[in-house]
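Novice: Below is the file structure_17.cif, with mmCIF, N, CA and C atoms and all ligand atoms.
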data_work
loop_
_atom_site.label_atom_id
_atom_site.label_comp_id
_atom_site.auth_asym_id
_atom_site.auth_seq_id
_atom_site.Cartn_x
_atom_site.Cartn_y
_atom_site.Cartn_z
N MET A 1 -4.81 9.09 -23.82
CA MET A 1 -4.27 9.12 -22.45
C MET A 1 -5.09 8.17 -21.57
N THR A 2 -4.40 7.41 -20.75
CA THR A 2 -5.08 6.52 -19.80
C THR A 2 -4.79 7.00 -18.38
N TYR A 3 -5.84 7.20 -17.63
CA TYR A 3 -5.70 7.59 -16.23
C TYR A 3 -6.16 6.43 -15.35
N LYS A 4 -5.44 6.23 -14.25
CA LYS A 4 -5.86 5.24 -13.27
C LYS A 4 -6.46 5.97 -12.08
N GLY A 5 -7.42 5.31 -11.47
CA GLY A 5 -8.04 5.93 -10.30
C GLY A 5 -8.49 4.87 -9.32
N SER A 6 -8.77 5.31 -8.11
CA SER A 6 -9.21 4.37 -7.08
C SER A 6 -9.83 5.13 -5.92
N CYS A 7 -10.47 4.38 -5.05
CA CYS A 7 -10.87 4.94 -3.76
C CYS A 7 -9.63 4.95 -2.85
N HIS A 8 -9.77 5.37 -1.61
CA HIS A 8 -8.60 5.47 -0.75
C HIS A 8 -8.04 4.12 -0.35
N CYS A 9 -8.91 3.17 -0.03
CA CYS A 9 -8.42 1.87 0.44
C CYS A 9 -8.06 0.93 -0.71
N GLY A 10 -8.45 1.26 -1.93
CA GLY A 10 -8.10 0.46 -3.10
C GLY A 10 -9.08 -0.62 -3.47
N LYS A 11 -10.16 -0.72 -2.72
CA LYS A 11 -11.18 -1.74 -3.03
C LYS A 11 -11.84 -1.46 -4.38
N ILE A 12 -12.00 -0.18 -4.71
CA ILE A 12 -12.51 0.22 -6.03
C ILE A 12 -11.34 0.76 -6.84
N CYS A 13 -11.07 0.14 -8.00
CA CYS A 13 -10.05 0.70 -8.89
C CYS A 13 -10.52 0.59 -10.33
N PHE A 14 -10.03 1.49 -11.13
CA PHE A 14 -10.52 1.61 -12.50
C PHE A 14 -9.49 2.35 -13.34
N HIS A 15 -9.67 2.28 -14.65
CA HIS A 15 -8.92 3.19 -15.51
C HIS A 15 -9.87 3.81 -16.52
N VAL A 16 -9.45 4.93 -17.06
CA VAL A 16 -10.30 5.70 -17.96
C VAL A 16 -9.46 6.25 -19.10
N GLU A 17 -10.03 6.16 -20.29
CA GLU A 17 -9.37 6.68 -21.50
C GLU A 17 -9.97 8.03 -21.84
N GLY A 18 -9.11 8.98 -22.15
CA GLY A 18 -9.62 10.27 -22.59
C GLY A 18 -8.64 11.39 -22.31
N GLU A 19 -9.09 12.58 -22.61
CA GLU A 19 -8.26 13.78 -22.45
C GLU A 19 -9.04 14.75 -21.58
N ILE A 20 -8.47 15.14 -20.46
CA ILE A 20 -9.16 16.10 -19.59
C ILE A 20 -9.00 17.50 -20.20
N ARG A 21 -10.13 18.15 -20.51
CA ARG A 21 -10.07 19.52 -21.04
C ARG A 21 -10.53 20.51 -19.99
N GLU A 22 -11.56 20.12 -19.24
CA GLU A 22 -12.00 20.98 -18.15
C GLU A 22 -12.65 20.11 -17.09
N LEU A 23 -12.72 20.66 -15.90
CA LEU A 23 -13.38 19.98 -14.79
C LEU A 23 -14.61 20.81 -14.42
N VAL A 24 -15.57 20.13 -13.82
CA VAL A 24 -16.82 20.79 -13.47
C VAL A 24 -17.01 20.79 -11.96
N ASP A 25 -17.24 21.97 -11.43
CA ASP A 25 -17.60 22.13 -10.02
C ASP A 25 -19.11 22.29 -9.99
N CYS A 26 -19.80 21.18 -9.68
CA CYS A 26 -21.27 21.16 -9.69
C CYS A 26 -21.76 21.63 -8.33
N SER A 27 -22.70 22.57 -8.34
CA SER A 27 -23.16 23.14 -7.08
C SER A 27 -24.45 22.51 -6.59
N CYS A 28 -24.79 21.29 -7.07
CA CYS A 28 -25.99 20.64 -6.56
C CYS A 28 -25.79 20.26 -5.09
N SER A 29 -26.89 19.91 -4.45
CA SER A 29 -26.87 19.67 -2.99
C SER A 29 -25.91 18.55 -2.61
N HIS A 30 -25.68 17.61 -3.53
CA HIS A 30 -24.84 16.46 -3.24
C HIS A 30 -23.36 16.76 -3.53
N CYS A 31 -23.08 17.21 -4.75
CA CYS A 31 -21.68 17.41 -5.17
C CYS A 31 -20.97 18.45 -4.31
N ARG A 32 -21.69 19.49 -3.92
CA ARG A 32 -21.00 20.55 -3.19
C ARG A 32 -20.61 20.05 -1.80
N LYS A 33 -21.41 19.15 -1.23
CA LYS A 33 -21.04 18.64 0.10
C LYS A 33 -19.85 17.70 0.03
N LYS A 34 -19.70 17.00 -1.10
CA LYS A 34 -18.59 16.06 -1.24
C LYS A 34 -17.35 16.69 -1.85
N GLY A 35 -17.48 17.90 -2.38
CA GLY A 35 -16.31 18.60 -2.90
C GLY A 35 -15.76 18.03 -4.19
N TYR A 36 -16.62 17.41 -4.98
CA TYR A 36 -16.16 16.84 -6.24
C TYR A 36 -15.63 17.89 -7.21
N LEU A 37 -14.69 17.47 -8.03
CA LEU A 37 -14.40 18.13 -9.30
C LEU A 37 -14.62 17.07 -10.35
N LEU A 38 -15.58 17.31 -11.25
CA LEU A 38 -16.07 16.26 -12.13
C LEU A 38 -15.44 16.30 -13.51
N TRP A 39 -15.24 15.13 -14.06
CA TRP A 39 -14.81 14.98 -15.45
C TRP A 39 -15.82 14.05 -16.12
N PHE A 40 -16.50 14.55 -17.15
CA PHE A 40 -17.52 13.78 -17.86
C PHE A 40 -16.90 13.06 -19.04
N VAL A 41 -17.15 11.77 -19.15
CA VAL A 41 -16.66 10.96 -20.29
C VAL A 41 -17.76 9.99 -20.70
N PRO A 42 -17.68 9.47 -21.94
CA PRO A 42 -18.62 8.40 -22.31
C PRO A 42 -18.43 7.20 -21.38
N ARG A 43 -19.53 6.53 -21.05
CA ARG A 43 -19.47 5.41 -20.11
C ARG A 43 -18.45 4.36 -20.52
N GLU A 44 -18.35 4.11 -21.85
CA GLU A 44 -17.47 3.03 -22.31
C GLU A 44 -15.98 3.39 -22.15
N SER A 45 -15.69 4.64 -21.80
CA SER A 45 -14.28 5.03 -21.58
C SER A 45 -13.74 4.53 -20.25
N VAL A 46 -14.64 4.08 -19.38
CA VAL A 46 -14.22 3.67 -18.04
C VAL A 46 -14.25 2.16 -17.92
N THR A 47 -13.16 1.58 -17.44
CA THR A 47 -13.09 0.15 -17.18
C THR A 47 -12.90 -0.06 -15.68
N LEU A 48 -13.81 -0.81 -15.11
CA LEU A 48 -13.71 -1.12 -13.68
C LEU A 48 -12.77 -2.31 -13.51
N ASN A 49 -11.76 -2.16 -12.67
CA ASN A 49 -10.79 -3.25 -12.44
C ASN A 49 -11.01 -3.93 -11.10
N SER A 50 -12.12 -3.65 -10.49
CA SER A 50 -12.46 -4.30 -9.23
C SER A 50 -13.89 -4.80 -9.34
N ARG A 51 -14.37 -5.45 -8.32
CA ARG A 51 -15.67 -6.12 -8.41
C ARG A 51 -16.82 -5.12 -8.34
N LYS A 52 -17.76 -5.28 -9.28
CA LYS A 52 -18.93 -4.40 -9.31
C LYS A 52 -19.72 -4.49 -8.00
N ASN A 53 -19.69 -5.68 -7.40
CA ASN A 53 -20.44 -5.88 -6.14
C ASN A 53 -19.86 -5.08 -4.98
N ASP A 54 -18.63 -4.57 -5.14
CA ASP A 54 -18.03 -3.78 -4.06
C ASP A 54 -18.45 -2.32 -4.09
N LEU A 55 -19.23 -1.94 -5.12
CA LEU A 55 -19.66 -0.55 -5.24
C LEU A 55 -20.89 -0.28 -4.40
N GLY A 56 -20.79 0.72 -3.53
CA GLY A 56 -22.00 1.24 -2.92
C GLY A 56 -22.65 2.19 -3.91
N SER A 57 -23.95 2.40 -3.80
CA SER A 57 -24.64 3.28 -4.74
C SER A 57 -25.60 4.19 -4.00
N TYR A 58 -25.68 5.40 -4.50
CA TYR A 58 -26.60 6.38 -3.92
C TYR A 58 -27.28 7.13 -5.05
N THR A 59 -28.58 7.30 -4.96
CA THR A 59 -29.30 8.13 -5.94
C THR A 59 -30.18 9.09 -5.19
N PHE A 60 -30.53 10.19 -5.85
CA PHE A 60 -31.46 11.15 -5.24
C PHE A 60 -32.12 11.94 -6.36
N ASP A 61 -33.03 12.79 -6.02
CA ASP A 61 -33.73 13.68 -6.94
C ASP A 61 -34.33 12.88 -8.10
N GLN A 62 -33.82 13.02 -9.32
CA GLN A 62 -34.39 12.31 -10.47
C GLN A 62 -33.89 10.87 -10.58
N HIS A 63 -32.94 10.50 -9.77
CA HIS A 63 -32.36 9.14 -9.77
C HIS A 63 -31.76 8.78 -11.13
N VAL A 64 -31.20 9.77 -11.81
CA VAL A 64 -30.60 9.56 -13.12
C VAL A 64 -29.16 9.04 -12.98
N ILE A 65 -28.47 9.54 -11.97
CA ILE A 65 -27.06 9.16 -11.79
C ILE A 65 -26.92 8.23 -10.59
N GLN A 66 -26.24 7.09 -10.84
CA GLN A 66 -25.86 6.20 -9.74
C GLN A 66 -24.54 6.72 -9.19
N HIS A 67 -24.58 7.31 -8.02
CA HIS A 67 -23.37 7.84 -7.41
C HIS A 67 -22.70 6.70 -6.63
N HIS A 68 -21.58 6.21 -7.15
CA HIS A 68 -20.94 5.06 -6.52
C HIS A 68 -19.90 5.50 -5.50
N PHE A 69 -19.76 4.69 -4.48
CA PHE A 69 -18.80 4.99 -3.42
C PHE A 69 -18.28 3.67 -2.84
N CYS A 70 -17.19 3.76 -2.12
CA CYS A 70 -16.62 2.58 -1.47
C CYS A 70 -17.21 2.43 -0.07
N PRO A 71 -17.87 1.32 0.22
CA PRO A 71 -18.46 1.13 1.55
C PRO A 71 -17.41 1.02 2.66
N THR A 72 -16.15 0.74 2.29
CA THR A 72 -15.11 0.61 3.31
C THR A 72 -14.51 1.97 3.68
N CYS A 73 -14.03 2.72 2.68
CA CYS A 73 -13.32 3.97 3.00
C CYS A 73 -14.15 5.22 2.74
N GLY A 74 -15.27 5.08 2.06
CA GLY A 74 -16.16 6.22 1.88
C GLY A 74 -15.87 7.10 0.67
N CYS A 75 -14.76 6.88 -0.01
CA CYS A 75 -14.47 7.70 -1.20
C CYS A 75 -15.49 7.41 -2.29
N ALA A 76 -15.77 8.44 -3.08
CA ALA A 76 -16.76 8.32 -4.16
C ALA A 76 -16.09 8.69 -5.48
N PRO A 77 -15.53 7.70 -6.16
CA PRO A 77 -14.71 8.01 -7.33
C PRO A 77 -15.46 8.29 -8.62
N PHE A 78 -16.71 7.86 -8.75
CA PHE A 78 -17.44 8.11 -10.00
C PHE A 78 -18.93 7.84 -9.84
N GLY A 79 -19.67 8.33 -10.84
CA GLY A 79 -21.08 8.00 -10.95
C GLY A 79 -21.36 7.62 -12.39
N PHE A 80 -22.41 6.85 -12.59
CA PHE A 80 -22.82 6.45 -13.93
C PHE A 80 -24.24 6.94 -14.16
N GLY A 81 -24.47 7.49 -15.35
CA GLY A 81 -25.80 8.00 -15.64
C GLY A 81 -25.99 8.20 -17.13
N TYR A 82 -26.88 9.14 -17.48
CA TYR A 82 -27.22 9.41 -18.88
C TYR A 82 -27.26 10.91 -19.10
N ASP A 83 -26.80 11.31 -20.28
CA ASP A 83 -26.85 12.74 -20.59
C ASP A 83 -28.21 13.09 -21.20
N GLY A 84 -28.37 14.33 -21.61
CA GLY A 84 -29.64 14.81 -22.15
C GLY A 84 -30.10 14.06 -23.39
N GLU A 85 -29.15 13.48 -24.14
CA GLU A 85 -29.50 12.72 -25.35
C GLU A 85 -29.75 11.24 -25.04
N GLY A 86 -29.63 10.84 -23.81
CA GLY A 86 -29.85 9.45 -23.45
C GLY A 86 -28.61 8.58 -23.58
N ASP A 87 -27.46 9.21 -23.84
CA ASP A 87 -26.22 8.42 -23.94
C ASP A 87 -25.64 8.16 -22.55
N ALA A 88 -25.09 6.95 -22.39
CA ALA A 88 -24.51 6.58 -21.10
C ALA A 88 -23.22 7.36 -20.85
N VAL A 89 -23.14 8.00 -19.71
CA VAL A 89 -21.95 8.76 -19.35
C VAL A 89 -21.43 8.30 -17.99
N ALA A 90 -20.13 8.51 -17.83
CA ALA A 90 -19.51 8.33 -16.53
C ALA A 90 -19.08 9.71 -16.06
N VAL A 91 -19.29 9.97 -14.79
CA VAL A 91 -18.90 11.23 -14.19
C VAL A 91 -17.85 10.90 -13.15
N LEU A 92 -16.61 11.23 -13.49
CA LEU A 92 -15.50 10.86 -12.61
C LEU A 92 -15.21 11.97 -11.63
N ASN A 93 -14.87 11.61 -10.43
CA ASN A 93 -14.37 12.57 -9.46
C ASN A 93 -12.86 12.69 -9.69
N ALA A 94 -12.44 13.78 -10.34
CA ALA A 94 -11.03 13.92 -10.73
C ALA A 94 -10.10 13.83 -9.53
N ARG A 95 -10.60 14.09 -8.34
CA ARG A 95 -9.75 14.01 -7.15
C ARG A 95 -9.38 12.57 -6.80
N CYS A 96 -10.06 11.60 -7.41
CA CYS A 96 -9.74 10.20 -7.18
C CYS A 96 -8.87 9.60 -8.29
N LEU A 97 -8.43 10.44 -9.23
CA LEU A 97 -7.53 9.97 -10.29
C LEU A 97 -6.09 10.12 -9.82
N ASP A 98 -5.28 9.12 -10.13
CA ASP A 98 -3.87 9.16 -9.74
C ASP A 98 -3.12 10.18 -10.62
N ASP A 99 -2.20 10.88 -10.03
CA ASP A 99 -1.28 11.76 -10.76
C ASP A 99 -1.98 12.82 -11.60
N VAL A 100 -3.13 13.28 -11.16
CA VAL A 100 -3.80 14.39 -11.84
C VAL A 100 -3.79 15.59 -10.90
N ASP A 101 -3.17 16.66 -11.38
CA ASP A 101 -3.14 17.92 -10.63
C ASP A 101 -4.39 18.72 -11.03
N VAL A 102 -5.42 18.67 -10.20
CA VAL A 102 -6.69 19.30 -10.59
C VAL A 102 -6.54 20.81 -10.78
N SER A 103 -5.51 21.41 -10.19
CA SER A 103 -5.34 22.86 -10.34
C SER A 103 -4.82 23.23 -11.73
N ALA A 104 -4.45 22.22 -12.53
CA ALA A 104 -3.91 22.49 -13.86
C ALA A 104 -4.99 22.66 -14.93
N TYR A 105 -6.26 22.48 -14.56
CA TYR A 105 -7.34 22.51 -15.55
C TYR A 105 -8.33 23.63 -15.24
N PRO A 106 -8.94 24.17 -16.30
CA PRO A 106 -10.00 25.16 -16.05
C PRO A 106 -11.19 24.48 -15.38
N VAL A 107 -11.86 25.22 -14.53
CA VAL A 107 -13.01 24.67 -13.80
C VAL A 107 -14.26 25.45 -14.19
N ALA A 108 -15.26 24.72 -14.69
CA ALA A 108 -16.55 25.32 -15.02
C ALA A 108 -17.48 25.14 -13.83
N HIS A 109 -18.13 26.20 -13.41
CA HIS A 109 -19.06 26.13 -12.29
C HIS A 109 -20.46 25.97 -12.84
N ARG A 110 -21.12 24.86 -12.48
CA ARG A 110 -22.43 24.58 -13.05
C ARG A 110 -23.47 24.29 -11.97
N ASN A 111 -24.70 24.66 -12.28
CA ASN A 111 -25.80 24.40 -11.34
C ASN A 111 -27.00 23.79 -12.07
N ASP A 112 -26.72 23.18 -13.26
CA ASP A 112 -27.83 22.72 -14.10
C ASP A 112 -27.75 21.22 -14.41
N ILE A 113 -26.99 20.47 -13.61
CA ILE A 113 -26.82 19.06 -13.88
C ILE A 113 -27.91 18.27 -13.18
N THR A 114 -28.58 17.42 -13.93
CA THR A 114 -29.66 16.61 -13.36
C THR A 114 -29.08 15.39 -12.68
N ALA A 115 -29.40 15.23 -11.43
CA ALA A 115 -28.87 14.11 -10.66
C ALA A 115 -29.84 12.95 -10.70
ZN ZN A 201 -12.20 2.19 -0.47
#
If you convert what's in this file into structure tokens, what do you get?
Specialist:
Amino acid sequence: MTYKGSCHCGKICFHVEGEIRELVDCSCSHCRKKGYLLWFVPRESVTLNSRKNDLGSYTFDQHVIQHHFCPTCGCAPFGFGYDGEGDAVAVLNARCLDDVDVSAYPVAHRNDITA
């Protein structure tokens, strides 16, 4: 399955290959304020179709995840980081994916994700 996603103004756009099985509601200080519902995929599953230079970036705490956002419209469609095994992962904000009904998936509530 290929999903397309973007920020609100369209300056950031991407597509991602994979199958959504569950979404994660992360209760860290950052995710809860932004209201993300996260979908974790291997980094190579995501293809950026817009310019990398257009990505704003934010890090905090352990600085493991680059939280990317659009400097124009403020939407934050994904972050890039590493999992516990050191593998590159992408953390997508499912709310920025086109034609995805987030209410159709189970939601895991987590408070143990290293940012
Ligand atoms: Zn934008």
Novice: Identify, counting all atoms listed in the file, the protein, DNA and RNA residues located within 6 Å of ligand ZN 201 (chain A), and give them as a VMD selection string.
Specialist: chain A and resid 7 to 12 70 to 75
Novice: So that I can see what lies close to region 17-28 of chain A, please list as an mmCIF file with N, CA and C atoms, in the frame of the given file the residues with an atom at most 8 Å from it, counting only N, CA and C atoms and leaving out residues fewer than 2 positions away in the same chain.
Specialist:
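Printed below is result-v3.cif as written:
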data_model
loop_
_atom_site.group_PDB
_atom_site.id
_atom_site.type_symbol
_atom_site.label_atom_id
_atom_site.label_comp_id
_atom_site.auth_asym_id
_atom_site.auth_seq_id
_atom_site.Cartn_x
_atom_site.Cartn_y
_atom_site.Cartn_z
ATOM 1 N N MET A 1 -4.810 9.090 -23.820
ATOM 2 C CA MET A 1 -4.270 9.120 -22.450
ATOM 3 C C MET A 1 -5.090 8.170 -21.570
ATOM 4 N N THR A 2 -4.400 7.410 -20.750
ATOM 5 C CA THR A 2 -5.080 6.520 -19.800
ATOM 6 C C THR A 2 -4.790 7.000 -18.380
ATOM 7 N N TYR A 3 -5.840 7.200 -17.630
ATOM 8 C CA TYR A 3 -5.700 7.590 -16.230
ATOM 9 C C TYR A 3 -6.160 6.430 -15.350
ATOM 10 N N LYS A 4 -5.440 6.230 -14.250
ATOM 11 C CA LYS A 4 -5.860 5.240 -13.270
ATOM 12 C C LYS A 4 -6.460 5.970 -12.080
ATOM 13 N N PHE A 14 -10.030 1.490 -11.130
ATOM 14 C CA PHE A 14 -10.520 1.610 -12.500
ATOM 15 C C PHE A 14 -9.490 2.350 -13.340
ATOM 16 N N HIS A 15 -9.670 2.280 -14.650
ATOM 17 C CA HIS A 15 -8.920 3.190 -15.510
ATOM 18 C C HIS A 15 -9.870 3.810 -16.520
ATOM 19 N N HIS A 30 -25.680 17.610 -3.530
ATOM 20 C CA HIS A 30 -24.840 16.460 -3.240
ATOM 21 C C HIS A 30 -23.360 16.760 -3.530
ATOM 22 N N CYS A 31 -23.080 17.210 -4.750
ATOM 23 C CA CYS A 31 -21.680 17.410 -5.170
ATOM 24 C C CYS A 31 -20.970 18.450 -4.310
ATOM 25 N N ARG A 32 -21.690 19.490 -3.920
ATOM 26 C CA ARG A 32 -21.000 20.550 -3.190
ATOM 27 C C ARG A 32 -20.610 20.050 -1.800
ATOM 28 N N LYS A 33 -21.410 19.150 -1.230
ATOM 29 C CA LYS A 33 -21.040 18.640 0.100
ATOM 30 C C LYS A 33 -19.850 17.700 0.030
ATOM 31 N N LYS A 34 -19.700 17.000 -1.100
ATOM 32 C CA LYS A 34 -18.590 16.060 -1.240
ATOM 33 C C LYS A 34 -17.350 16.690 -1.850
ATOM 34 N N GLY A 35 -17.480 17.900 -2.380
ATOM 35 C CA GLY A 35 -16.310 18.600 -2.900
ATOM 36 C C GLY A 35 -15.760 18.030 -4.190
ATOM 37 N N TYR A 36 -16.620 17.410 -4.980
ATOM 38 C CA TYR A 36 -16.160 16.840 -6.240
ATOM 39 C C TYR A 36 -15.630 17.890 -7.210
ATOM 40 N N LEU A 37 -14.690 17.470 -8.030
ATOM 41 C CA LEU A 37 -14.400 18.130 -9.300
ATOM 42 C C LEU A 37 -14.620 17.070 -10.350
ATOM 43 N N LEU A 38 -15.580 17.310 -11.250
ATOM 44 C CA LEU A 38 -16.070 16.260 -12.130
ATOM 45 C C LEU A 38 -15.440 16.300 -13.510
ATOM 46 N N TRP A 39 -15.240 15.130 -14.060
ATOM 47 C CA TRP A 39 -14.810 14.980 -15.450
ATOM 48 C C TRP A 39 -15.820 14.050 -16.120
ATOM 49 N N PHE A 40 -16.500 14.550 -17.150
ATOM 50 C CA PHE A 40 -17.520 13.780 -17.860
ATOM 51 C C PHE A 40 -16.900 13.060 -19.040
ATOM 52 N N VAL A 41 -17.150 11.770 -19.150
ATOM 53 C CA VAL A 41 -16.660 10.960 -20.290
ATOM 54 C C VAL A 41 -17.760 9.990 -20.700
ATOM 55 N N PRO A 42 -17.680 9.470 -21.940
ATOM 56 C CA PRO A 42 -18.620 8.400 -22.310
ATOM 57 C C PRO A 42 -18.430 7.200 -21.380
ATOM 58 N N GLU A 44 -18.350 4.110 -21.850
ATOM 59 C CA GLU A 44 -17.470 3.030 -22.310
ATOM 60 C C GLU A 44 -15.980 3.390 -22.150
ATOM 61 N N SER A 45 -15.690 4.640 -21.800
ATOM 62 C CA SER A 45 -14.280 5.030 -21.580
ATOM 63 C C SER A 45 -13.740 4.530 -20.250
ATOM 64 N N VAL A 46 -14.640 4.080 -19.380
ATOM 65 C CA VAL A 46 -14.220 3.670 -18.040
ATOM 66 C C VAL A 46 -14.250 2.160 -17.920
ATOM 67 N N THR A 47 -13.160 1.580 -17.440
ATOM 68 C CA THR A 47 -13.090 0.150 -17.180
ATOM 69 C C THR A 47 -12.900 -0.060 -15.680
ATOM 70 N N ALA A 94 -12.440 13.780 -10.340
ATOM 71 C CA ALA A 94 -11.030 13.920 -10.730
ATOM 72 C C ALA A 94 -10.100 13.830 -9.530
ATOM 73 N N VAL A 102 -5.420 18.670 -10.200
ATOM 74 C CA VAL A 102 -6.690 19.300 -10.590
ATOM 75 C C VAL A 102 -6.540 20.810 -10.780
ATOM 76 N N ALA A 104 -4.450 22.220 -12.530
ATOM 77 C CA ALA A 104 -3.910 22.490 -13.860
ATOM 78 C C ALA A 104 -4.990 22.660 -14.930
ATOM 79 N N TYR A 105 -6.260 22.480 -14.560
ATOM 80 C CA TYR A 105 -7.340 22.510 -15.550
ATOM 81 C C TYR A 105 -8.330 23.630 -15.240
ATOM 82 N N PRO A 106 -8.940 24.170 -16.300
ATOM 83 C CA PRO A 106 -10.000 25.160 -16.050
ATOM 84 C C PRO A 106 -11.190 24.480 -15.380
ATOM 85 N N VAL A 107 -11.860 25.220 -14.530
ATOM 86 C CA VAL A 107 -13.010 24.670 -13.800
ATOM 87 C C VAL A 107 -14.260 25.450 -14.190
ATOM 88 N N ALA A 108 -15.260 24.720 -14.690
ATOM 89 C CA ALA A 108 -16.550 25.320 -15.020
ATOM 90 C C ALA A 108 -17.480 25.140 -13.830
ATOM 91 N N HIS A 109 -18.130 26.200 -13.410
ATOM 92 C CA HIS A 109 -19.060 26.130 -12.290
ATOM 93 C C HIS A 109 -20.460 25.970 -12.840
ATOM 94 N N ARG A 110 -21.120 24.860 -12.480
ATOM 95 C CA ARG A 110 -22.430 24.580 -13.050
ATOM 96 C C ARG A 110 -23.470 24.290 -11.970
ATOM 97 N N ASN A 111 -24.700 24.660 -12.280
ATOM 98 C CA ASN A 111 -25.800 24.400 -11.340
ATOM 99 C C ASN A 111 -27.000 23.790 -12.070
ATOM 100 N N ASP A 112 -26.720 23.180 -13.260
ATOM 101 C CA ASP A 112 -27.830 22.720 -14.100
ATOM 102 C C ASP A 112 -27.750 21.220 -14.410
ATOM 103 N N ILE A 113 -26.990 20.470 -13.610
ATOM 104 C CA ILE A 113 -26.820 19.060 -13.880
ATOM 105 C C ILE A 113 -27.910 18.270 -13.180
#
Novice: Rounded to one decimal in Å, what is the spacing between atom N of Ala90 (chain A) and atom N of Phe60 (chain A)?
Specialist: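 Taking atom N of Ala90 (chain A) as the start and atom N of Phe60 (chain A) as the end point, the length is 16.0 Å.
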Novice: May I have all residues of region 6-101 of chain A that DSSP, computed from the backbone, assigns to alpha helix (DSSP H), given as a list in words?
Specialist: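 Checking each residue of region 6-101 of chain A, the alpha helix (DSSP H) ones are Cys31, Arg32, Lys33 and Lys34 of chain A.
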Novice: Atom C of Ala88 (chain A) to atom C of Arg43 (chain A): how many Å, to one decimal?
Specialist: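 Between atom C of Ala88 (chain A) and atom C of Arg43 (chain A) the gap is 5.6 Å.
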Novice: How many Å lie between CA of Asn53 (chain A) and CA of Cys13 (chain A), rounded to one decimal?
Specialist: 12.6 Å
Novice: Please run DSSP on the backbone and report, as an MDAnalysis selection string, all residues within region 18-91 of chain A that come out as strand (DSSP E or B).
Specialist: chainID A and resid 23:26 38:42 46:48 56:58 66:69 78:82 88:91
Novice: What lies within 8 Å of His68 (chain A) using only N, CA and C atoms, ignoring chain neighbours under 4 positions off, as a compact mmCIF listing (two decimals) with N, CA and C atoms, keeping the file's coordinate frame?
Specialist:
# COMPACT_ATOMS: atom_id res chain seq x y z
N LEU A 55 -19.23 -1.94 -5.12
CA LEU A 55 -19.66 -0.55 -5.24
C LEU A 55 -20.89 -0.28 -4.40
N GLY A 56 -20.79 0.72 -3.53
CA GLY A 56 -22.00 1.24 -2.92
C GLY A 56 -22.65 2.19 -3.91
N SER A 57 -23.95 2.40 -3.80
CA SER A 57 -24.64 3.28 -4.74
C SER A 57 -25.60 4.19 -4.00
N TYR A 58 -25.68 5.40 -4.50
CA TYR A 58 -26.60 6.38 -3.92
C TYR A 58 -27.28 7.13 -5.05
N THR A 59 -28.58 7.30 -4.96
CA THR A 59 -29.30 8.13 -5.94
C THR A 59 -30.18 9.09 -5.19
N GLY A 74 -15.27 5.08 2.06
CA GLY A 74 -16.16 6.22 1.88
C GLY A 74 -15.87 7.10 0.67
N CYS A 75 -14.76 6.88 -0.01
CA CYS A 75 -14.47 7.70 -1.20
C CYS A 75 -15.49 7.41 -2.29
N ALA A 76 -15.77 8.44 -3.08
CA ALA A 76 -16.76 8.32 -4.16
C ALA A 76 -16.09 8.69 -5.48
N PRO A 77 -15.53 7.70 -6.16
CA PRO A 77 -14.71 8.01 -7.33
C PRO A 77 -15.46 8.29 -8.62
N PHE A 78 -16.71 7.86 -8.75
CA PHE A 78 -17.44 8.11 -10.00
C PHE A 78 -18.93 7.84 -9.84
N GLY A 79 -19.67 8.33 -10.84
CA GLY A 79 -21.08 8.00 -10.95
C GLY A 79 -21.36 7.62 -12.39
N PHE A 80 -22.41 6.85 -12.59
CA PHE A 80 -22.82 6.45 -13.93
C PHE A 80 -24.24 6.94 -14.16
